[in-house]
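Note sheet for the following structure.
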Amino acid sequence: MTDSTHRLELLRQMILIRRFEEKCAELYTQEKIRGFMHLYNGEEAVAVGVMQVLRPEDAIVTTYREHGHALARGMAPGSIMAEMFGKQEGCSRGRGGSMHLFDKVLRFFGGNAVVGGGMPVAMGLALADKMRNQPHVTCCFFGDGAVAEGEFHECMNLAALWQLPVLWICENNRYAMGTRLDFSHSVTDLAKKASGYGIPAVSVDGMDVLAVEEAAKAAADAVRTGKGPQFLECLTYRFRAHSMYDPELYRGKAEVEEWKKRDPIPALILRIEEGGTKVDLTPIEQSVAKDIEQAIAFAEAGTWEPVEDLTRFVYSEPPR
Amino acid sequence: MTYREAVHSAIRRALQADDRVFLMGEDVGRYGGCYAVSKGLLAEFGPERIRDTPLSESAFTGMGIGAALAGMRPIVEIMTVNFSLLALDQILNNAATLLHMSGGQFNVPLVIRMATGGGRQLAAQHSHSLEGWYAHIPGIRVLTPATLEDAHGMLLTALECPDPVLIFENALLYNMEGELAADAGPVGIENACVRRPGRDVSVITYGMSLWKSLEAARSLAERGIDAEVMDLRTLRPLDDRTLCESVSRTHRALIVDEGWRSGGISAEISARLMEQVFYDLDAPVQRLCGAEVPMPYAAQMERASIPQAATIAAAVEGMVRSHG
């Protein structure tokens, strides 16, 4: 793949996530999607950049703001949309919803909606690989909010102590729900907290997909070649509210507008064009629109799991 | 052989039979286990499979979940039930939930063992009986082995189970002597059982209280009361059928539980008996539970906090005499 083809693919993925979620917000107001829904607008460069360097055998553990991770990992948009509609054709049969997307084939171990709660699980996946001498990476996404959790500190220590093959991706969007970084953390340079535990830690511009990809590649290569856990902090920003219920009392419009000037999508277009390739957005937007249209049609056509099945999957079923 | 050795032998046997099995927890290796259950295993199996962890209950319990998701068969040891609360997020929000939340994709074949119970003057942060609490949670199995056979066999069965299993070992039982058959192996974990048949009353209990109840039954027999003693063995799922059969025969039920009374497993059992065998009862179902206090240190206070053979016998006698 040439440089420009690859960059156009990154662009397509980011646009898919952006448009997909814009549609999600619309469908939410139409009450097609219910529950808590957290959008990733503004942060697309993180998921897209990181996912490029992961292989099919690698494992992913993520948070409740995970539509972007799922799409970038290659989960079918229809499967995600059907999940949010609560249909049994959804990736989690409608048992999880927006916050709990799972896909066994993609080794996508879910959106975890307890902040920090996915981190120990990621270490276990990594431990299994290490014990079996598999050169795989477990990639764990979490936000700046998780860094204040006890589990974060337990996991940094243990991952470093046991040299577990985990790639920690801290999506620092500056707010733990509505609490700004400096109201949560005595030390706001979050990478320092990982390096304090002996984990090589790098901070990168999370609005620059190429920078994220490059840093993630270096970190994933280090994990894969037995250099132990690596920590990548991606400095990013969420353009929309925390969830659909958030009136955003905690930040000013000017701040949001300032960050929107760094929108990762136009930033990438500019980079591609600086490299001498003219970007024609029309075919990208058209193909993305078609993907989303099909996803919605798939979700609409989906079926409701019969309530008689309510208590299935509490315990494993004997093989049929 | 002791109960401790029965658990040890099951862990050892599982480690020998299946290279996916490993043991992880605080002081399980170099120290030999807080209650010496895993003594010698580090030397035999090495530090890859007998893993001393930092004091990070949430991290290592969650790590057990992740390893189980990846196809390993981890045994996580948590020193004592009170400490398991530091891992409750992982146990409830992940281990018990992932299979359902993922629409059946991700089962968690994890075994968590922990010590439970009072009676050792360890006061209010080392002595509670929270297994009944855990039995509230759908998605996990809660086992309470009281005998050597169960201490050994339930662990082996738990390791074959595709879903998370919590095993509560009452710490007072570790030194209990008994016999373990040479061919002892996995045992059923679905059913309660009758440890002492009797006609007059069903004493329903588990764990350490089983032995106190059996002692009470012996003394009651001298006074002409024939108590049946039921060992629940498993608190989740509860074996309603075996319990109801017993109570239908004896027409009286006393539930003995070291755990607190309010909202405890004893309340659940009582409700189920009422729902299913109400018209077979000759007397109201009664409960003898742990006193509703944080466990005190002083010996006489602690003794008074937990059902004892004498209080069990008195409760049974009261039921039988007052309701003819």
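Residue names in the structure tokens use chain letters A, B, ... in the order shown, residue numbers from 1 in each chain, and ligand numbers from 1 in the order shown.
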May I have a table of the residues of region 54-147 of chain A lying at most 10 Å from region 9-21 of chain B, giving each one's closest pair of atoms and their distance in Å to one decimal, counting only C-alpha atoms, ordered by chain and ascending residue number, as a tab-separated table?
residue	atom	partner	partner_atom	distance
A:Ala128	CA	B:Arg20	CA	9.0
A:Met131	CA	B:Arg20	CA	9.2
A:Arg132	CA	B:Arg20	CA	9.2
Could you turn the residues from that selection into a file that holds N, CA and C atoms, as a compact mmCIF listing (two decimals), in the first residue's frame?
# COMPACT_ATOMS: atom_id res chain seq x y z
N ALA A 128 -1.89 -14.82 29.74
CA ALA A 128 -2.09 -16.10 29.03
C ALA A 128 -1.17 -16.19 27.82
N MET A 131 2.38 -16.79 29.10
CA MET A 131 2.60 -18.15 29.62
C MET A 131 2.67 -19.16 28.48
N ARG A 132 2.01 -18.86 27.36
CA ARG A 132 2.02 -19.78 26.22
C ARG A 132 3.03 -19.37 25.16
Sort by chain and increasing residue number a table of all residues of region 131-153 of chain A within 12 Å of region 66-87 of chain A, each with its closest pair of atoms and their distance in Å to one decimal, counting only C-alpha atoms, and write it as a Markdown table.
| residue | atom | partner | partner_atom | distance |
| --- | --- | --- | --- | --- |
| A:Cys139 | CA | A:His69 | CA | 10.9 |
| A:Cys140 | CA | A:His69 | CA | 10.7 |
| A:Phe141 | CA | A:His69 | CA | 9.0 |
| A:Phe142 | CA | A:Glu66 | CA | 10.0 |
| A:Gly143 | CA | A:Glu66 | CA | 11.3 |
Quick one: which chain A residues come within 8 Å of chain B, and what is the nearest atom pair for each with the distance in Å to one decimal, counting only C-alpha atoms, rows ordered by chain and ascending number, as JSON lines?
{"residue": "A:Cys91", "atom": "CA", "partner": "B:Gly103", "partner_atom": "CA", "distance": 7.7}
{"residue": "A:Ser92", "atom": "CA", "partner": "B:Gly103", "partner_atom": "CA", "distance": 4.4}
{"residue": "A:Arg93", "atom": "CA", "partner": "B:Gly103", "partner_atom": "CA", "distance": 5.0}
{"residue": "A:Gly94", "atom": "CA", "partner": "B:Gly103", "partner_atom": "CA", "distance": 7.2}
{"residue": "A:Arg95", "atom": "CA", "partner": "B:Met101", "partner_atom": "CA", "distance": 5.3}
{"residue": "A:Gly96", "atom": "CA", "partner": "B:Met101", "partner_atom": "CA", "distance": 4.9}
{"residue": "A:His100", "atom": "CA", "partner": "B:Met101", "partner_atom": "CA", "distance": 6.8}
{"residue": "A:Leu101", "atom": "CA", "partner": "B:Ser102", "partner_atom": "CA", "distance": 7.2}
{"residue": "A:Phe102", "atom": "CA", "partner": "B:Ser102", "partner_atom": "CA", "distance": 5.6}
{"residue": "A:Asp103", "atom": "CA", "partner": "B:Gln105", "partner_atom": "CA", "distance": 7.5}
{"residue": "A:Lys104", "atom": "CA", "partner": "B:Gln105", "partner_atom": "CA", "distance": 6.3}
{"residue": "A:Gly110", "atom": "CA", "partner": "B:Ser102", "partner_atom": "CA", "distance": 7.7}
{"residue": "A:Val114", "atom": "CA", "partner": "B:Asn93", "partner_atom": "CA", "distance": 7.8}
{"residue": "A:Gly117", "atom": "CA", "partner": "B:Gln90", "partner_atom": "CA", "distance": 6.9}
{"residue": "A:Met119", "atom": "CA", "partner": "B:Ala59", "partner_atom": "CA", "distance": 7.8}
{"residue": "A:Pro120", "atom": "CA", "partner": "B:Gly62", "partner_atom": "CA", "distance": 4.5}
{"residue": "A:Val121", "atom": "CA", "partner": "B:Gly66", "partner_atom": "CA", "distance": 4.1}
{"residue": "A:Ala122", "atom": "CA", "partner": "B:Gly66", "partner_atom": "CA", "distance": 6.0}
{"residue": "A:Met123", "atom": "CA", "partner": "B:Met63", "partner_atom": "CA", "distance": 5.4}
{"residue": "A:Gly124", "atom": "CA", "partner": "B:Met63", "partner_atom": "CA", "distance": 3.7}
{"residue": "A:Leu125", "atom": "CA", "partner": "B:Gly66", "partner_atom": "CA", "distance": 4.6}
{"residue": "A:Ala126", "atom": "CA", "partner": "B:Ala67", "partner_atom": "CA", "distance": 7.6}
{"residue": "A:Leu127", "atom": "CA", "partner": "B:Ala67", "partner_atom": "CA", "distance": 6.5}
{"residue": "A:Ala128", "atom": "CA", "partner": "B:Ala67", "partner_atom": "CA", "distance": 5.2}
{"residue": "A:Met131", "atom": "CA", "partner": "B:Glu48", "partner_atom": "CA", "distance": 7.3}
{"residue": "A:Glu151", "atom": "CA", "partner": "B:Ala59", "partner_atom": "CA", "distance": 6.2}
{"residue": "A:Glu154", "atom": "CA", "partner": "B:Ser56", "partner_atom": "CA", "distance": 5.7}
{"residue": "A:Cys155", "atom": "CA", "partner": "B:Ala59", "partner_atom": "CA", "distance": 5.9}
{"residue": "A:Leu158", "atom": "CA", "partner": "B:Pro54", "partner_atom": "CA", "distance": 7.3}
{"residue": "A:Arg312", "atom": "CA", "partner": "B:His100", "partner_atom": "CA", "distance": 7.5}
{"residue": "A:Phe313", "atom": "CA", "partner": "B:His100", "partner_atom": "CA", "distance": 4.7}
{"residue": "A:Val314", "atom": "CA", "partner": "B:Gly139", "partner_atom": "CA", "distance": 4.9}
{"residue": "A:Tyr315", "atom": "CA", "partner": "B:Gly139", "partner_atom": "CA", "distance": 5.6}
{"residue": "A:Ser316", "atom": "CA", "partner": "B:Pro162", "partner_atom": "CA", "distance": 6.4}
Give one line per residue of region 77-192 of chain B that approaches region 242-262 of chain B to at most 9 Å, naming the two atoms of the closest pair and their distance in Å to one decimal, counting only C-alpha atoms; sort by chain then ascending residue number and deliver it as a tab-separated table.
residue	atom	partner	partner_atom	distance
B:Gly117	CA	B:Glu258	CA	7.2
B:Gly118	CA	B:Glu258	CA	8.0
B:His128	CA	B:Gly259	CA	7.0
B:Ser129	CA	B:Gly259	CA	4.9
B:Leu130	CA	B:Gly259	CA	6.5
B:Glu131	CA	B:Gly259	CA	7.9
B:Gly132	CA	B:Gly259	CA	7.0
B:Trp133	CA	B:Gly259	CA	8.9
B:Asn191	CA	B:Thr242	CA	7.2
B:Ala192	CA	B:Thr242	CA	6.2
Alpha helix (DSSP H) positions in region 184-269 of chain B, given as number ranges by chain = B: 208-222, 240-250, 265-269
Counting only C-alpha atoms, what is within 7 Å of Met244 (chain A), bar same-chain residues fewer than 2 positions away, as a list in words?
-> Phe36, Met37, His38, Ala241, His242 and Asp246 of chain A
Find the nearest atom pair between each residue of region 21-118 of chain A and region 255-269 of chain A for residues within 9 Å, count only C-alpha atoms, give distances in Å to one decimal, sort rows by chain and ascending number, and present the table as JSON lines.
{"residue": "A:Gly42", "atom": "CA", "partner": "A:Asp263", "partner_atom": "CA", "distance": 6.1}
{"residue": "A:Glu43", "atom": "CA", "partner": "A:Pro264", "partner_atom": "CA", "distance": 7.7}
{"residue": "A:Glu44", "atom": "CA", "partner": "A:Pro264", "partner_atom": "CA", "distance": 7.2}
{"residue": "A:Ala45", "atom": "CA", "partner": "A:Pro264", "partner_atom": "CA", "distance": 6.1}
Region 149-273 of chain A: residues DSSP assigns to strand (DSSP E or B), reported as an MDAnalysis selection string = chainID A and resid 166:172 175:176 179:180 201:205 230:235
Resulting file, chosen residues, N, CA and C atoms, as a PDB file, in the first residue's frame:
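Once written, selection27.pdb looks like this:
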ATOM      1  N   VAL A 166       1.296  -5.924  27.377  1.00  0.00           N
ATOM      2  CA  VAL A 166       0.121  -5.058  27.266  1.00  0.00           C
ATOM      3  C   VAL A 166       0.532  -3.716  26.671  1.00  0.00           C
ATOM      4  N   LEU A 167      -0.265  -3.268  25.736  1.00  0.00           N
ATOM      5  CA  LEU A 167      -0.118  -1.909  25.224  1.00  0.00           C
ATOM      6  C   LEU A 167      -1.219  -1.067  25.859  1.00  0.00           C
ATOM      7  N   TRP A 168      -0.829  -0.212  26.777  1.00  0.00           N
ATOM      8  CA  TRP A 168      -1.799   0.651  27.461  1.00  0.00           C
ATOM      9  C   TRP A 168      -2.003   1.911  26.633  1.00  0.00           C
ATOM     10  N   ILE A 169      -3.241   2.166  26.283  1.00  0.00           N
ATOM     11  CA  ILE A 169      -3.546   3.390  25.532  1.00  0.00           C
ATOM     12  C   ILE A 169      -4.426   4.284  26.386  1.00  0.00           C
ATOM     13  N   CYS A 170      -3.835   5.367  26.851  1.00  0.00           N
ATOM     14  CA  CYS A 170      -4.593   6.322  27.661  1.00  0.00           C
ATOM     15  C   CYS A 170      -5.159   7.402  26.742  1.00  0.00           C
ATOM     16  N   GLU A 171      -6.460   7.415  26.619  1.00  0.00           N
ATOM     17  CA  GLU A 171      -7.125   8.441  25.801  1.00  0.00           C
ATOM     18  C   GLU A 171      -7.429   9.621  26.720  1.00  0.00           C
ATOM     19  N   ASN A 172      -6.508  10.522  26.756  1.00  0.00           N
ATOM     20  CA  ASN A 172      -6.663  11.666  27.658  1.00  0.00           C
ATOM     21  C   ASN A 172      -7.464  12.753  26.946  1.00  0.00           C
ATOM     22  N   TYR A 175     -11.225  15.313  30.381  1.00  0.00           N
ATOM     23  CA  TYR A 175     -12.367  15.348  31.301  1.00  0.00           C
ATOM     24  C   TYR A 175     -12.749  13.930  31.713  1.00  0.00           C
ATOM     25  N   ALA A 176     -12.871  13.714  33.015  1.00  0.00           N
ATOM     26  CA  ALA A 176     -13.475  12.484  33.523  1.00  0.00           C
ATOM     27  C   ALA A 176     -14.960  12.802  33.677  1.00  0.00           C
ATOM     28  N   THR A 179     -15.391  16.320  35.044  1.00  0.00           N
ATOM     29  CA  THR A 179     -14.355  16.847  35.935  1.00  0.00           C
ATOM     30  C   THR A 179     -13.034  16.975  35.183  1.00  0.00           C
ATOM     31  N   ARG A 180     -12.586  18.219  35.088  1.00  0.00           N
ATOM     32  CA  ARG A 180     -11.387  18.498  34.298  1.00  0.00           C
ATOM     33  C   ARG A 180     -10.155  17.861  34.925  1.00  0.00           C
ATOM     34  N   ALA A 201       6.843   5.174  28.733  1.00  0.00           N
ATOM     35  CA  ALA A 201       5.620   5.921  28.471  1.00  0.00           C
ATOM     36  C   ALA A 201       5.900   7.108  27.561  1.00  0.00           C
ATOM     37  N   VAL A 202       5.029   7.277  26.600  1.00  0.00           N
ATOM     38  CA  VAL A 202       5.174   8.348  25.619  1.00  0.00           C
ATOM     39  C   VAL A 202       3.852   9.078  25.524  1.00  0.00           C
ATOM     40  N   SER A 203       3.927  10.366  25.303  1.00  0.00           N
ATOM     41  CA  SER A 203       2.733  11.171  25.104  1.00  0.00           C
ATOM     42  C   SER A 203       2.714  11.629  23.653  1.00  0.00           C
ATOM     43  N   VAL A 204       1.562  11.562  23.034  1.00  0.00           N
ATOM     44  CA  VAL A 204       1.504  11.882  21.610  1.00  0.00           C
ATOM     45  C   VAL A 204       0.271  12.742  21.335  1.00  0.00           C
ATOM     46  N   ASP A 205       0.341  13.516  20.256  1.00  0.00           N
ATOM     47  CA  ASP A 205      -0.808  14.333  19.843  1.00  0.00           C
ATOM     48  C   ASP A 205      -1.911  13.404  19.328  1.00  0.00           C
ATOM     49  N   GLN A 230       3.969  -1.255  27.503  1.00  0.00           N
ATOM     50  CA  GLN A 230       4.281   0.096  27.021  1.00  0.00           C
ATOM     51  C   GLN A 230       3.044   0.956  27.233  1.00  0.00           C
ATOM     52  N   PHE A 231       3.279   2.235  27.420  1.00  0.00           N
ATOM     53  CA  PHE A 231       2.187   3.154  27.738  1.00  0.00           C
ATOM     54  C   PHE A 231       2.196   4.297  26.739  1.00  0.00           C
ATOM     55  N   LEU A 232       1.054   4.499  26.123  1.00  0.00           N
ATOM     56  CA  LEU A 232       0.933   5.593  25.168  1.00  0.00           C
ATOM     57  C   LEU A 232      -0.228   6.487  25.591  1.00  0.00           C
ATOM     58  N   GLU A 233       0.120   7.725  25.894  1.00  0.00           N
ATOM     59  CA  GLU A 233      -0.921   8.699  26.226  1.00  0.00           C
ATOM     60  C   GLU A 233      -1.253   9.492  24.968  1.00  0.00           C
ATOM     61  N   CYS A 234      -2.522   9.492  24.594  1.00  0.00           N
ATOM     62  CA  CYS A 234      -2.953  10.244  23.416  1.00  0.00           C
ATOM     63  C   CYS A 234      -3.739  11.460  23.889  1.00  0.00           C
ATOM     64  N   LEU A 235      -3.203  12.638  23.607  1.00  0.00           N
ATOM     65  CA  LEU A 235      -3.851  13.881  24.051  1.00  0.00           C
ATOM     66  C   LEU A 235      -4.935  14.241  23.049  1.00  0.00           C
TER      67      LEU A 235
END
Would you list the contacts of Arg12 (chain A) as a list in words, taking every protein, DNA or RNA residue within 10 Å and counting only C-alpha atoms, but skipping same-chain residues closer than 2 positions in sequence?
-> His6, Arg7, Leu8, Glu9, Leu10, Met14, Ile15, Leu16, Ile17, Arg18, Val48, Ile265, Leu281, Pro283, Ile284, Glu285, Ser287 and Val288 of chain A
Selection export as a CSV table (one decimal), in the first residue's frame, atoms kept: N, CA and C atoms:
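Listing of again-v2.csv after writing:
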chain,number,residue,atom,x,y,z
A,6,HIS,N,-2.7,4.5,1.9
A,6,HIS,CA,-2.9,4.1,3.4
A,6,HIS,C,-3.5,5.3,4.1
A,7,ARG,N,-3.0,6.5,3.8
A,7,ARG,CA,-3.6,7.7,4.5
A,7,ARG,C,-5.1,7.9,4.1
A,8,LEU,N,-5.4,7.6,2.9
A,8,LEU,CA,-6.8,7.7,2.5
A,8,LEU,C,-7.7,6.7,3.2
A,9,GLU,N,-7.1,5.6,3.5
A,9,GLU,CA,-7.8,4.5,4.2
A,9,GLU,C,-8.0,5.0,5.7
A,10,LEU,N,-7.0,5.6,6.3
A,10,LEU,CA,-7.2,6.2,7.6
A,10,LEU,C,-8.3,7.2,7.6
A,14,MET,N,-11.8,7.2,9.7
A,14,MET,CA,-12.2,8.3,10.7
A,14,MET,C,-13.5,8.9,10.2
A,15,ILE,N,-13.7,9.1,8.9
A,15,ILE,CA,-15.0,9.6,8.5
A,15,ILE,C,-16.1,8.7,8.8
A,16,LEU,N,-15.9,7.4,8.6
A,16,LEU,CA,-16.9,6.4,8.9
A,16,LEU,C,-17.3,6.5,10.4
A,17,ILE,N,-16.4,6.6,11.3
A,17,ILE,CA,-16.7,6.7,12.7
A,17,ILE,C,-17.5,8.0,12.9
A,18,ARG,N,-17.0,9.1,12.4
A,18,ARG,CA,-17.6,10.4,12.6
A,18,ARG,C,-19.1,10.4,12.1
A,48,VAL,N,-8.3,4.9,15.4
A,48,VAL,CA,-7.9,4.5,14.0
A,48,VAL,C,-6.3,4.3,14.0
A,265,ILE,N,-9.8,15.0,11.3
A,265,ILE,CA,-10.2,14.7,9.9
A,265,ILE,C,-9.6,15.8,8.9
A,281,LEU,N,-13.2,14.1,-1.4
A,281,LEU,CA,-14.0,13.5,-0.3
A,281,LEU,C,-15.3,12.9,-0.8
A,283,PRO,N,-16.3,10.5,-3.1
A,283,PRO,CA,-16.5,9.1,-3.0
A,283,PRO,C,-16.4,8.5,-1.6
A,284,ILE,N,-15.5,9.1,-0.8
A,284,ILE,CA,-15.4,8.6,0.6
A,284,ILE,C,-16.7,8.8,1.3
A,285,GLU,N,-17.2,10.0,1.2
A,285,GLU,CA,-18.5,10.3,1.9
A,285,GLU,C,-19.6,9.4,1.4
A,287,SER,N,-19.4,6.4,0.0
A,287,SER,CA,-19.3,5.0,0.4
A,287,SER,C,-19.6,4.8,1.9
A,288,VAL,N,-19.2,5.8,2.7
A,288,VAL,CA,-19.5,5.8,4.1
A,288,VAL,C,-21.0,5.9,4.4
Go through A:Pro165, A:Gly116, A:Gly302, A:Pro135 one by one, measure the shortest atom-to-atom distance of each to Gly90 (chain A) using only C-alpha atoms, and give the residue with the smallest value.
->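 Between A:Pro165, A:Gly116, A:Gly302, A:Pro135, the residue approaching Gly90 (chain A) most closely is A:Gly302.
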